[in-house]
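Next up, query.tsv (TSV, C-alpha atoms):
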```
chain	number	residue	atom	x	y	z
W	1	MET	CA	-114.36	-40.08	15.11
W	2	LYS	CA	-114.97	-40.83	18.78
W	3	LYS	CA	-118.67	-40.14	18.20
W	4	ILE	CA	-118.75	-42.80	15.49
W	5	VAL	CA	-117.18	-45.36	17.82
W	6	LEU	CA	-119.68	-44.48	20.55
W	7	PHE	CA	-122.56	-45.14	18.13
W	8	LEU	CA	-121.04	-48.49	17.27
W	9	ILE	CA	-120.47	-49.59	20.86
W	10	LEU	CA	-123.87	-48.56	22.13
W	11	SER	CA	-125.59	-50.40	19.34
W	12	SER	CA	-123.48	-53.56	19.27
W	13	PRO	CA	-125.59	-56.69	18.84
W	14	LEU	CA	-123.26	-58.72	21.02
W	15	PHE	CA	-124.95	-57.30	24.05
W	16	ILE	CA	-128.62	-57.21	23.15
W	17	LYS	CA	-129.08	-60.75	24.46
W	18	ALA	CA	-128.94	-59.27	27.96
W	19	GLN	CA	-131.04	-56.17	27.26
W	20	GLY	CA	-134.59	-57.39	27.35
W	21	PHE	CA	-134.25	-59.99	24.58
W	22	GLN	CA	-135.01	-62.93	26.83
W	23	VAL	CA	-137.36	-65.37	25.10
W	24	ASN	CA	-139.87	-67.00	27.44
W	25	LEU	CA	-141.16	-69.56	24.95
W	26	GLN	CA	-139.87	-72.88	26.27
W	27	GLY	CA	-143.03	-75.04	26.39
W	28	GLN	CA	-146.48	-74.85	24.79
W	29	LYS	CA	-148.46	-75.93	27.86
W	30	GLN	CA	-146.59	-73.38	29.95
W	31	GLN	CA	-146.84	-70.68	27.28
W	32	GLY	CA	-150.61	-71.07	27.29
W	33	MET	CA	-150.41	-70.35	31.04
W	34	ALA	CA	-148.31	-67.16	30.72
W	35	GLY	CA	-145.02	-69.06	31.04
W	36	ALA	CA	-145.71	-70.43	34.53
W	37	GLY	CA	-144.32	-73.94	34.95
W	38	THR	CA	-141.90	-74.13	37.89
W	39	GLY	CA	-144.36	-75.48	40.45
W	40	LEU	CA	-146.70	-77.50	38.19
W	41	MET	CA	-145.19	-80.47	36.37
W	42	GLN	CA	-146.93	-81.20	33.08
W	43	ASP	CA	-144.57	-82.55	30.43
W	44	ALA	CA	-140.95	-82.89	29.30
W	45	ALA	CA	-140.53	-79.10	29.24
W	46	ALA	CA	-139.88	-79.55	32.98
W	47	VAL	CA	-136.27	-80.11	31.87
W	48	PHE	CA	-136.16	-76.32	31.44
W	49	PHE	CA	-138.72	-75.17	34.00
W	50	ASN	CA	-137.70	-77.35	36.96
W	51	PRO	CA	-135.21	-80.25	36.77
W	52	GLY	CA	-136.27	-81.28	40.27
W	53	GLY	CA	-139.79	-82.06	39.06
W	54	VAL	CA	-138.74	-84.22	36.09
W	55	SER	CA	-138.68	-87.31	38.33
W	56	PHE	CA	-142.39	-86.76	39.08
W	57	LEU	CA	-143.46	-87.02	35.43
W	58	GLN	CA	-145.45	-90.09	34.49
W	59	GLY	CA	-143.84	-92.32	31.87
W	60	ASN	CA	-141.36	-91.30	29.19
W	61	SER	CA	-141.93	-88.73	26.47
W	62	ALA	CA	-140.41	-86.69	23.67
W	63	SER	CA	-141.67	-83.42	22.21
W	64	VAL	CA	-140.77	-80.82	19.61
W	65	GLY	CA	-142.27	-77.38	19.19
W	66	MET	CA	-141.92	-74.01	17.51
W	67	THR	CA	-143.32	-70.55	18.18
W	68	PRO	CA	-143.09	-68.17	15.20
W	69	THR	CA	-143.00	-64.56	16.41
W	70	PHE	CA	-144.51	-61.71	14.40
W	71	ALA	CA	-143.46	-58.20	15.46
W	72	ASN	CA	-144.59	-54.78	14.28
W	73	GLY	CA	-142.64	-51.79	15.57
W	74	THR	CA	-142.83	-48.03	15.09
W	75	PHE	CA	-140.79	-45.06	16.27
W	76	LEU	CA	-142.24	-41.55	16.55
W	77	ASP	CA	-139.45	-38.96	16.57
W	78	ALA	CA	-140.23	-36.28	19.18
W	79	ASP	CA	-137.97	-33.75	17.45
W	80	ASN	CA	-139.29	-33.78	13.88
W	81	GLY	CA	-142.51	-35.84	14.08
W	82	SER	CA	-141.35	-38.45	11.59
W	83	VAL	CA	-142.55	-42.04	11.94
W	84	ALA	CA	-140.43	-45.10	11.10
W	85	HIS	CA	-141.69	-48.68	10.82
W	86	SER	CA	-139.69	-51.77	11.65
W	87	ASP	CA	-140.12	-54.54	9.09
W	88	ALA	CA	-139.12	-57.50	11.23
W	89	PRO	CA	-138.90	-60.94	9.59
W	90	VAL	CA	-140.56	-63.83	11.40
W	91	GLY	CA	-138.58	-65.24	14.33
W	92	THR	CA	-138.60	-68.99	14.97
W	93	PRO	CA	-137.86	-69.98	18.60
W	94	PHE	CA	-138.01	-73.76	18.96
W	95	THR	CA	-137.85	-76.48	21.61
W	96	ALA	CA	-137.05	-80.18	21.75
W	97	TYR	CA	-137.22	-82.30	24.91
W	98	VAL	CA	-136.96	-85.93	25.88
W	99	VAL	CA	-137.41	-87.53	29.31
W	100	TRP	CA	-136.87	-91.21	30.10
W	101	GLY	CA	-136.29	-93.57	33.02
W	102	PRO	CA	-137.56	-96.95	34.29
W	103	ASP	CA	-140.84	-96.85	36.19
W	104	SER	CA	-139.17	-98.69	39.06
W	105	SER	CA	-136.35	-96.15	39.37
W	106	ARG	CA	-136.26	-92.95	41.39
W	107	PHE	CA	-134.07	-91.45	38.66
W	108	LYS	CA	-135.21	-89.83	35.44
W	109	PHE	CA	-133.00	-88.40	32.76
W	110	GLY	CA	-133.76	-85.64	30.31
W	111	PHE	CA	-132.33	-83.61	27.49
W	112	GLY	CA	-133.48	-80.25	26.20
W	113	VAL	CA	-132.65	-77.98	23.29
W	114	TYR	CA	-134.21	-74.53	23.35
W	115	THR	CA	-133.72	-70.90	22.32
W	116	PRO	CA	-133.72	-68.60	25.37
W	117	PHE	CA	-132.52	-65.42	23.61
W	118	GLY	CA	-133.22	-64.16	20.12
W	119	SER	CA	-134.70	-61.47	17.92
W	120	ILE	CA	-134.88	-60.09	14.39
W	121	ALA	CA	-135.24	-56.39	13.53
W	122	SER	CA	-135.05	-54.41	10.30
W	123	TRP	CA	-135.39	-50.62	10.04
W	124	PRO	CA	-135.34	-48.43	6.88
W	125	ASP	CA	-131.95	-47.27	5.62
W	126	ASN	CA	-133.03	-43.63	5.90
W	127	TRP	CA	-134.85	-43.59	9.25
W	128	THR	CA	-133.89	-41.24	12.10
W	129	GLY	CA	-132.03	-43.94	14.01
W	130	ARG	CA	-130.12	-45.38	11.07
W	131	PHE	CA	-126.83	-44.57	12.80
W	132	ALA	CA	-127.90	-46.90	15.61
W	133	LEU	CA	-129.42	-49.80	13.65
W	134	ILE	CA	-130.78	-50.87	10.29
W	135	TYR	CA	-130.64	-54.67	10.62
W	136	MET	CA	-130.11	-57.20	13.39
W	137	LYS	CA	-130.54	-60.96	13.64
W	138	LEU	CA	-129.81	-62.85	16.81
W	139	GLN	CA	-130.22	-66.51	17.74
W	140	SER	CA	-128.97	-68.48	20.72
W	141	ILE	CA	-129.36	-72.21	21.32
W	142	TYR	CA	-128.96	-73.97	24.66
W	143	PHE	CA	-128.32	-77.70	25.11
W	144	GLN	CA	-129.15	-79.18	28.52
W	145	PRO	CA	-128.61	-82.79	29.65
W	146	THR	CA	-130.47	-83.29	32.95
W	147	VAL	CA	-130.74	-85.77	35.80
W	148	SER	CA	-133.58	-85.79	38.34
W	149	TYR	CA	-133.99	-87.82	41.53
W	150	LYS	CA	-137.17	-88.45	43.54
W	151	VAL	CA	-135.93	-88.35	47.12
W	152	CYS	CA	-139.33	-89.47	48.40
W	153	ASN	CA	-142.96	-89.28	47.31
W	154	LYS	CA	-143.04	-85.60	48.15
W	155	LEU	CA	-139.60	-84.27	47.19
W	156	GLY	CA	-137.53	-84.23	44.01
W	157	ILE	CA	-134.20	-82.63	43.12
W	158	GLY	CA	-132.50	-82.22	39.77
W	159	ALA	CA	-129.73	-80.49	37.84
W	160	GLY	CA	-128.75	-79.87	34.27
W	161	LEU	CA	-125.51	-78.82	32.57
W	162	VAL	CA	-126.15	-76.04	30.03
W	163	TYR	CA	-124.04	-75.40	26.96
W	164	GLY	CA	-125.01	-72.15	25.26
W	165	THR	CA	-124.04	-71.07	21.77
W	166	GLY	CA	-125.25	-68.28	19.55
W	167	ASP	CA	-124.68	-66.18	16.46
W	168	VAL	CA	-125.59	-62.67	15.44
W	169	GLU	CA	-125.46	-60.27	12.51
W	170	PHE	CA	-125.82	-56.53	12.86
W	171	LYS	CA	-125.72	-53.56	10.48
W	172	GLN	CA	-125.83	-49.81	11.02
W	173	VAL	CA	-125.22	-46.70	8.97
W	174	MET	CA	-122.07	-44.78	9.93
W	175	PRO	CA	-122.22	-40.96	9.99
W	176	VAL	CA	-119.49	-40.52	7.37
W	177	VAL	CA	-120.08	-39.87	3.64
W	178	ASP	CA	-118.10	-40.25	0.45
W	179	ALA	CA	-117.87	-37.74	-2.39
W	180	ASN	CA	-121.24	-38.91	-3.75
W	181	GLY	CA	-123.04	-38.50	-0.43
W	182	ASN	CA	-123.20	-42.22	0.34
W	183	TYR	CA	-122.99	-43.15	4.01
W	184	GLY	CA	-120.65	-45.77	5.38
W	185	ILE	CA	-121.90	-49.13	6.68
W	186	ALA	CA	-120.76	-51.15	9.68
W	187	ASP	CA	-121.48	-54.88	9.41
W	188	LEU	CA	-120.70	-57.05	12.43
W	189	LYS	CA	-120.94	-60.83	12.71
W	190	ALA	CA	-120.02	-63.01	15.65
W	191	THR	CA	-120.52	-66.30	17.46
W	192	ALA	CA	-120.25	-66.93	21.20
W	193	ALA	CA	-120.40	-69.88	23.61
W	194	ASN	CA	-119.92	-71.03	27.20
W	195	TYR	CA	-121.30	-73.27	29.97
W	196	GLY	CA	-123.72	-72.87	32.86
W	197	PHE	CA	-126.19	-74.94	34.87
W	198	ASN	CA	-129.84	-75.24	35.84
W	199	VAL	CA	-130.88	-76.73	39.22
W	200	GLY	CA	-134.29	-77.25	40.75
W	201	LEU	CA	-136.23	-78.51	43.75
W	202	TYR	CA	-139.81	-79.77	43.64
W	203	TYR	CA	-141.93	-80.31	46.75
W	204	GLN	CA	-145.46	-81.73	46.80
W	205	PRO	CA	-146.77	-81.55	50.38
W	206	THR	CA	-150.33	-82.56	49.39
W	207	ASP	CA	-152.08	-84.03	46.37
W	208	LYS	CA	-153.31	-80.53	45.47
W	209	LEU	CA	-150.37	-78.26	46.32
W	210	SER	CA	-146.90	-78.31	44.76
W	211	ILE	CA	-143.98	-75.90	45.11
W	212	GLY	CA	-140.95	-75.45	42.88
W	213	LEU	CA	-137.72	-73.55	43.29
W	214	THR	CA	-135.14	-73.20	40.51
W	215	TYR	CA	-131.90	-71.41	39.82
W	216	ARG	CA	-130.35	-70.88	36.39
W	217	SER	CA	-126.77	-69.71	36.54
W	218	GLN	CA	-125.22	-66.76	34.80
W	219	ILE	CA	-123.46	-67.73	31.59
W	220	THR	CA	-120.65	-65.47	30.48
W	221	MET	CA	-120.66	-65.80	26.71
W	222	ASN	CA	-117.19	-65.51	25.20
W	223	VAL	CA	-116.96	-63.81	21.81
W	224	THR	CA	-113.64	-64.88	20.35
W	225	ASN	CA	-114.15	-64.77	16.58
W	226	GLY	CA	-116.19	-61.67	15.83
W	227	GLN	CA	-115.67	-60.05	12.46
W	228	ALA	CA	-116.22	-56.33	11.85
W	229	THR	CA	-116.48	-55.02	8.28
W	230	PHE	CA	-116.47	-51.26	7.73
W	231	THR	CA	-117.47	-49.84	4.36
W	232	VAL	CA	-116.26	-46.23	4.52
W	233	PRO	CA	-114.79	-43.62	2.18
W	234	PRO	CA	-111.20	-44.49	1.17
W	235	SER	CA	-109.90	-41.49	3.08
W	236	LEU	CA	-111.21	-43.02	6.33
W	237	ALA	CA	-110.39	-46.66	5.64
W	238	SER	CA	-107.23	-46.54	7.74
W	239	ASN	CA	-109.23	-45.19	10.70
W	240	PHE	CA	-111.72	-48.08	10.58
W	241	PRO	CA	-109.84	-51.23	9.60
W	242	SER	CA	-112.01	-54.31	9.13
W	243	GLY	CA	-110.98	-57.25	11.26
W	244	PRO	CA	-111.61	-59.43	14.33
W	245	PHE	CA	-112.91	-58.34	17.71
W	246	THR	CA	-113.50	-60.02	21.08
W	247	SER	CA	-115.78	-59.46	24.05
W	248	LYS	CA	-117.49	-61.09	27.02
W	249	LEU	CA	-121.17	-60.91	27.83
W	250	PRO	CA	-122.69	-62.01	31.16
W	251	LEU	CA	-126.11	-63.52	30.50
W	252	PRO	CA	-127.98	-63.07	33.78
W	253	GLN	CA	-128.72	-65.59	36.48
W	254	GLU	CA	-132.37	-66.24	37.28
W	255	GLY	CA	-134.21	-67.52	40.32
W	256	THR	CA	-137.83	-68.67	40.27
W	257	LEU	CA	-140.38	-69.62	42.88
W	258	GLY	CA	-143.36	-71.52	41.49
W	259	ILE	CA	-146.61	-72.74	43.00
W	260	GLY	CA	-149.05	-75.21	41.51
W	261	TYR	CA	-152.51	-75.91	42.82
W	262	LYS	CA	-154.96	-78.54	41.56
W	263	VAL	CA	-158.46	-77.51	42.59
W	264	ASN	CA	-159.79	-80.83	41.32
W	265	ASP	CA	-159.13	-83.35	38.55
W	266	LYS	CA	-160.08	-80.77	35.91
W	267	LEU	CA	-158.92	-77.33	37.11
W	268	SER	CA	-155.31	-76.33	37.93
W	269	PHE	CA	-153.51	-73.06	38.59
W	270	ALA	CA	-149.83	-72.14	38.31
W	271	PHE	CA	-147.96	-69.09	39.56
W	272	ASP	CA	-144.31	-68.15	38.99
W	273	ALA	CA	-142.28	-65.26	40.39
W	274	ASN	CA	-138.93	-64.62	38.66
W	275	ILE	CA	-135.97	-62.46	39.57
W	276	ILE	CA	-133.46	-61.94	36.76
W	277	GLY	CA	-129.97	-60.68	37.50
W	278	TRP	CA	-129.65	-58.11	34.73
W	279	LYS	CA	-127.47	-56.01	37.05
W	280	ALA	CA	-124.57	-58.21	35.95
W	281	LEU	CA	-124.56	-56.16	32.75
W	282	ASP	CA	-122.89	-53.13	34.31
W	283	THR	CA	-120.18	-52.32	31.79
W	284	ILE	CA	-119.54	-53.49	28.25
W	285	ALA	CA	-115.94	-54.12	27.21
W	286	PHE	CA	-115.39	-54.26	23.45
W	287	TYR	CA	-111.97	-54.98	21.92
W	288	TYR	CA	-110.79	-54.72	18.29
W	289	LYS	CA	-107.72	-56.63	17.22
W	290	ASP	CA	-106.65	-53.71	15.03
W	291	THR	CA	-107.03	-50.36	16.77
W	292	THR	CA	-106.58	-46.75	15.67
W	293	SER	CA	-107.11	-43.34	17.23
W	294	ALA	CA	-110.77	-43.59	16.18
W	295	LEU	CA	-111.27	-47.30	16.77
W	296	LYS	CA	-109.91	-48.38	20.13
W	297	PRO	CA	-110.95	-50.59	23.08
W	298	THR	CA	-113.90	-49.09	24.88
W	299	LYS	CA	-115.53	-49.67	28.26
W	300	LEU	CA	-119.06	-48.37	28.40
W	301	PRO	CA	-121.31	-48.27	31.49
W	302	ARG	CA	-124.79	-49.77	31.01
W	303	ASP	CA	-126.03	-49.66	34.60
W	304	TYR	CA	-128.85	-52.18	34.15
W	305	GLN	CA	-131.06	-53.13	37.06
W	306	ASN	CA	-132.35	-56.50	38.22
W	307	ALA	CA	-135.84	-57.23	36.94
W	308	TYR	CA	-138.88	-59.14	38.14
W	309	ALA	CA	-141.67	-61.01	36.41
W	310	PHE	CA	-144.92	-62.48	37.74
W	311	ARG	CA	-146.90	-65.13	35.84
W	312	LEU	CA	-150.33	-66.57	36.58
W	313	GLY	CA	-151.97	-69.29	34.51
W	314	ALA	CA	-154.83	-71.76	34.65
W	315	GLN	CA	-155.92	-74.83	32.73
W	316	TYR	CA	-159.18	-76.72	32.57
W	317	MET	CA	-159.70	-80.24	31.23
W	318	ILE	CA	-162.96	-80.22	29.32
W	319	ASN	CA	-162.72	-83.97	28.86
W	320	ASP	CA	-160.07	-86.71	28.69
W	321	LYS	CA	-158.81	-85.39	25.35
W	322	LEU	CA	-159.29	-81.61	25.36
W	323	THR	CA	-157.69	-79.03	27.68
W	324	VAL	CA	-157.90	-75.23	27.50
W	325	ARG	CA	-155.48	-72.74	29.09
W	326	GLY	CA	-155.09	-69.04	29.77
W	327	GLY	CA	-152.76	-66.69	31.59
W	328	VAL	CA	-151.42	-63.21	32.26
W	329	ALA	CA	-147.88	-62.04	33.06
W	330	TYR	CA	-146.37	-58.77	34.20
W	331	SER	CA	-142.67	-58.09	33.55
W	332	ILE	CA	-140.51	-55.20	34.73
W	333	SER	CA	-137.91	-53.96	32.24
W	334	PRO	CA	-134.22	-53.94	33.23
W	335	VAL	CA	-133.53	-51.01	30.86
W	336	LYS	CA	-133.26	-47.71	32.70
W	337	ALA	CA	-134.29	-44.35	31.28
W	338	GLY	CA	-131.67	-43.01	28.88
W	339	TYR	CA	-130.55	-46.46	27.72
W	340	VAL	CA	-133.38	-47.48	25.39
W	341	THR	CA	-132.18	-48.34	21.88
W	342	PRO	CA	-133.84	-49.57	18.65
W	343	GLU	CA	-132.68	-53.12	19.43
W	344	VAL	CA	-134.14	-52.94	22.93
W	345	PRO	CA	-137.22	-50.68	23.03
W	346	ASP	CA	-138.12	-52.53	26.21
W	347	ALA	CA	-140.72	-51.46	28.76
W	348	ASN	CA	-142.74	-52.76	31.67
W	349	LYS	CA	-145.32	-54.94	30.01
W	350	VAL	CA	-148.34	-57.21	30.34
W	351	ASN	CA	-148.53	-60.44	28.34
W	352	LEU	CA	-151.81	-62.19	27.61
W	353	THR	CA	-151.81	-65.86	26.63
W	354	CYS	CA	-154.17	-68.68	25.81
W	355	GLY	CA	-153.74	-72.27	24.72
W	356	VAL	CA	-155.29	-75.61	23.98
W	357	GLY	CA	-154.13	-79.23	24.20
W	358	TYR	CA	-155.54	-82.35	22.55
W	359	LYS	CA	-154.69	-86.04	23.06
W	360	PHE	CA	-155.17	-88.01	19.86
W	361	SER	CA	-154.33	-91.30	21.56
W	362	SER	CA	-152.54	-92.68	24.60
W	363	HIS	CA	-149.23	-92.00	22.80
W	364	PHE	CA	-149.73	-88.87	20.70
W	365	GLY	CA	-150.84	-85.37	21.60
W	366	ALA	CA	-150.46	-81.75	20.55
W	367	ASP	CA	-150.48	-78.40	22.30
W	368	ALA	CA	-150.89	-74.91	20.90
W	369	SER	CA	-150.61	-71.45	22.42
W	370	VAL	CA	-150.86	-67.78	21.50
W	371	THR	CA	-148.98	-64.97	23.24
W	372	PHE	CA	-149.75	-61.28	22.71
W	373	GLU	CA	-147.43	-58.50	23.85
W	374	ASN	CA	-147.87	-54.74	23.54
W	375	LEU	CA	-144.97	-52.39	24.39
W	376	LYS	CA	-144.73	-48.62	24.55
W	377	ARG	CA	-141.65	-46.73	25.71
W	378	THR	CA	-140.79	-43.02	25.47
W	379	ASP	CA	-137.15	-42.17	26.05
W	380	ASP	CA	-134.49	-39.57	25.33
W	381	ASN	CA	-131.22	-41.36	24.55
W	382	LEU	CA	-128.65	-38.57	24.25
W	383	SER	CA	-125.83	-40.90	23.24
W	384	LEU	CA	-127.77	-42.07	20.19
W	385	GLN	CA	-129.53	-38.72	19.67
W	386	LEU	CA	-132.89	-40.50	19.63
W	387	ASN	CA	-135.76	-38.83	21.40
W	388	GLY	CA	-139.18	-40.33	20.86
W	389	THR	CA	-141.68	-43.11	21.44
W	390	TYR	CA	-141.34	-46.76	20.51
W	391	LYS	CA	-144.40	-48.95	20.06
W	392	THR	CA	-144.11	-52.69	19.49
W	393	TYR	CA	-146.79	-55.32	18.97
W	394	ILE	CA	-145.78	-58.98	19.14
W	395	LEU	CA	-147.93	-61.99	18.28
W	396	ALA	CA	-146.46	-65.45	18.95
W	397	PRO	CA	-148.56	-68.51	18.03
W	398	GLY	CA	-146.93	-71.83	18.86
W	399	LEU	CA	-147.42	-75.54	18.33
W	400	SER	CA	-145.79	-78.68	19.73
W	401	VAL	CA	-146.35	-82.41	19.35
W	402	ILE	CA	-145.60	-84.99	22.01
W	403	TYR	CA	-145.00	-88.73	21.91
W	404	GLN	CA	-145.33	-90.72	25.12
W	405	PHE	CA	-143.66	-94.12	25.45
```
Whole structure given in structure tokens:
Amino acid sequence: MKKIVLFLILSSPLFIKAQGFQVNLQGQKQQGMAGAGTGLMQDAAAVFFNPGGVSFLQGNSASVGMTPTFANGTFLDADNGSVAHSDAPVGTPFTAYVVWGPDSSRFKFGFGVYTPFGSIASWPDNWTGRFALIYMKLQSIYFQPTVSYKVCNKLGIGAGLVYGTGDVEFKQVMPVVDANGNYGIADLKATAANYGFNVGLYYQPTDKLSIGLTYRSQITMNVTNGQATFTVPPSLASNFPSGPFTSKLPLPQEGTLGIGYKVNDKLSFAFDANIIGWKALDTIAFYYKDTTSALKPTKLPRDYQNAYAFRLGAQYMINDKLTVRGGVAYSISPVKAGYVTPEVPDANKVNLTCGVGYKFSSHFGADASVTFENLKRTDDNLSLQLNGTYKTYILAPGLSVIYQF
């Protein structure tokens, strides 16, 4: 029975938000440039990328965007040579921003809604890792009111209050069978919420060079109304009572240094270096309201490490209406050897991006981007009894429209 609980805890969806499921799709211009946007102010997405630079934006604007994500995953079992395919539905990260303020004022105000964590995964009911995962859907939404102040013509500061909320559904097969050979099913659903903040500084020493520095706080998401449903043989029903559970999840803090450089009126470069405090996810505490000898509160070490990411992008204005973009990013995984799971087959990776922007008029414009990601990770997870190689291909085309006023 303890083994069943260990499977459940290790695979719990409440914690995958902090295990490599960070979504870096918060602005189409920036996505086209590998996600670099802390030191180069371009549009209202600065609410997310650098609140300190919002006061340097010209005029007022509002934008909405979406980036559907298409993922194809496989797992090659090193023990028996079987291959399983993940049939992941399309994910839909989205953004909405607005920035406004009088031209005569040093203040600008902004509001952003975006999805910083999320994923969808679906594995066959009979695959090797069915006791770890067969279905998972995760979505988080952050709301961020922001104020930015231009201290002088070269320096801006800003801050935003962040309210984060999310929901998740997760299913796995349980290694218990009834008289007909049917396995049990664990189905978990939960919502979580809490507050944090986003602060930034923007410095423009010359017309060509700009520097940004931002800090996004850790948000400890409180799960207070989770619901666990166990479908097991009647003889085991008393060992696995369905009911509420609670937990806390520290979503990591993040610091970013960004540099923007305008070679001329047409060509610009942007570089971001991120450090993400995944080490905060050291131990998972998971509490059921109704406990038994088989189902009891558990504290499980995760021992994650802080991670780094480096992003380099460029854009070139072909004319007053058309702009093209491209970029490359390298990210280091926080998941150590021995901790890789079907929800988080994370690895050190290279992202390639490209994008295009077009101004239809002085008020309306659109931006599009494409991100390609290719992951490969071989790991031996003894707790889950999964030894093999994960391969994941992700394609994320995005589109946003902007209105300037």
**Request:** Take CA of Val83 in chain W and CA of Val232 in chain W and report the distance between them in Å, one decimal.
**Result:**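 These atoms are spaced 27.6 Å apart.
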**Message:** List the spatial neighbours of range 119-134 of chain W as a list of chain:residue names - criterion: any atom at most 6 Å away, all atoms listed in the file, same-chain residues fewer than 3 positions off excluded.
**Reply:**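 Here the qualifying residues turn out to be W:Ser11, W:Ser86, W:Asp87, W:Ala88, W:Lys137, W:Leu138, W:Lys171, W:Gln172, W:Val173, W:Met174.
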**Message:** Env of Leu375 in chain W: 10 Å cut, atoms = only C-alpha atoms, seq-sep filter 2 positions within chain, self excluded. Answer as a list in words.
**Reply:**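 Near Leu375 in chain W, the qualifying residues are Gly73, Pro345, Asp346, Ala347, Asn348, Lys349, Val350, Asn351, Glu373, Arg377, Tyr390, Lys391, Thr392, Tyr393 and Ile394 of chain W.
Taking CA of Gln22 in chain W and CA of Thr115 in chain W as the two end points, the separation is 9.2 Å.
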**Asked** Looking at W:Thr69, W:Ser210, W:Ser361, W:Ser148, which one is nearest to Pro93 in chain W, with distances taken over only C-alpha atoms?
**Response**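 Nearest candidate to Pro93 in chain W out of W:Thr69, W:Ser210, W:Ser361, W:Ser148: W:Thr69.
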Test item: axis-aligned box, all listed atoms of range 90-108 of chain W, 8 Å on each side, centre and edges in Å rounded to one decimal, as lines of an AutoDock Vina configuration file:
```
center_x = -137.5
center_y = -81.3
center_z = 26.4
size_x = 22.8
size_y = 50.9
size_z = 46.0
```
**Prompt:** Hey, can you check how far CA of Tyr288 in chain W sits from CA of Thr246 in chain W?
**Reply:**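 Distance reported for this atom pair: 6.6 Å.
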**Message:** When you count only C-alpha atoms, which of these residues is closest to Ile402 in chain W: W:Gly365, W:Gly32, W:Pro116, W:Gly81?
**Reply:**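 Selected residue with least distance to Ile402 in chain W: W:Gly365.
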**Request:** Could you give me, as a VMD selection string, the residues within 12 Å of Gly39 in chain W, counting all atoms listed in the file and dropping anything in the same chain fewer than 6 positions from it?
**Result:** chain W and resid 30 46 49 to 54 56 156 200 to 205 208 to 214 256 to 262 268 to 273 311 to 313
**Prompt:** Looking at all atoms listed in the file, which of W:Ser242, W:Asn60, W:Asn24, W:Gln404 is the one that sits closest to Gly37 in chain W?
**Reply:** W:Asn24
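Here the question is which of W:Ile185, W:Ile219, W:Val401, W:Leu251 gets nearest to Phe364 in chain W using all atoms listed in the file, and that residue is W:Val401.
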**Message:** Tell me which residues come within 10 Å of (-126.1, -60.3, 11.6), as a list in words, counting all atoms listed in the file in the file's coordinates.
**Reply:**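 Returned residue set, sorted by chain then number, is Pro13, Leu14, Ile120, Tyr135, Met136, Lys137, Leu138, Gln139, Asp167, Val168, Glu169, Phe170, Lys171, Asp187, Leu188, Lys189 and Ala190 of chain W.
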**Asked** W:Ala329, W:Val162, W:Leu40, W:Cys354: which is nearest Phe197 in chain W, counting only C-alpha atoms?
**Response**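 When distances to Phe197 in chain W are compared using only C-alpha atoms, the smallest one comes from W:Val162.
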**Prompt:** Pro334 in chain W: which residues within 6 Å, counting all atoms listed in the file, same-chain residues fewer than 3 positions away excluded, as number ranges by chain?
**Reply:** W: 304-307
**Asked** Which polymer residues, protein or nucleic acid, are no farther than 7 Å from (-115.7, -55.8, 21.4), counting all atoms listed in the file, as JSON, numbers by chain?
**Response** {"W": [245, 246, 247, 285, 286, 287, 288]}
**Request:** Kindly indicate which residue among W:Gly164, W:Val324, W:Phe405, W:Pro241 lies nearest to Gly59 in chain W, using all atoms listed in the file for the distances.
**Result:**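 Among the listed residues, the smallest separation from Gly59 in chain W belongs to W:Phe405.
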Find the residues of range 219-276 of chain W that sit at most 12 Å from range 175-178 of chain W; for each, write down the nearest two atoms and how far apart they are in Å, to one decimal. Count all atoms listed in the file. Sort by chain, then by number going up, and give it as JSON lines.
```
{"residue": "W:Phe230", "atom": "CA", "partner": "W:Val176", "partner_atom": "CA", "distance": 11.2}
{"residue": "W:Thr231", "atom": "CA", "partner": "W:Val176", "partner_atom": "CA", "distance": 10.0}
{"residue": "W:Val232", "atom": "CA", "partner": "W:Val176", "partner_atom": "CA", "distance": 7.2}
{"residue": "W:Pro233", "atom": "CA", "partner": "W:Asp178", "partner_atom": "CA", "distance": 5.0}
{"residue": "W:Pro234", "atom": "CA", "partner": "W:Asp178", "partner_atom": "CA", "distance": 8.1}
{"residue": "W:Ser235", "atom": "CA", "partner": "W:Asp178", "partner_atom": "CA", "distance": 8.7}
{"residue": "W:Leu236", "atom": "CA", "partner": "W:Val176", "partner_atom": "CA", "distance": 8.7}
{"residue": "W:Ala237", "atom": "CA", "partner": "W:Val176", "partner_atom": "CA", "distance": 11.1}
{"residue": "W:Asn239", "atom": "CA", "partner": "W:Val176", "partner_atom": "CA", "distance": 11.8}
{"residue": "W:Phe240", "atom": "CA", "partner": "W:Val176", "partner_atom": "CA", "distance": 11.3}
```
Can you put N, CA and C atoms back into range 186-190 of chain W and show it as a short mmCIF file (atom, residue, chain, number, x, y, z; two decimals), keeping the file's coordinate frame?
```
data_model
loop_
_atom_site.label_atom_id
_atom_site.label_comp_id
_atom_site.auth_asym_id
_atom_site.auth_seq_id
_atom_site.Cartn_x
_atom_site.Cartn_y
_atom_site.Cartn_z
N ALA W 186 -121.46 -50.23 8.78
CA ALA W 186 -120.76 -51.15 9.68
C ALA W 186 -121.54 -52.46 9.72
N ASP W 187 -120.87 -53.55 9.44
CA ASP W 187 -121.48 -54.88 9.41
C ASP W 187 -120.70 -55.77 10.36
N LEU W 188 -121.36 -56.23 11.43
CA LEU W 188 -120.70 -57.05 12.43
C LEU W 188 -121.33 -58.43 12.49
N LYS W 189 -120.48 -59.46 12.57
CA LYS W 189 -120.94 -60.83 12.71
C LYS W 189 -120.10 -61.50 13.79
N ALA W 190 -120.76 -62.36 14.57
CA ALA W 190 -120.02 -63.01 15.65
C ALA W 190 -120.74 -64.27 16.11
#
```
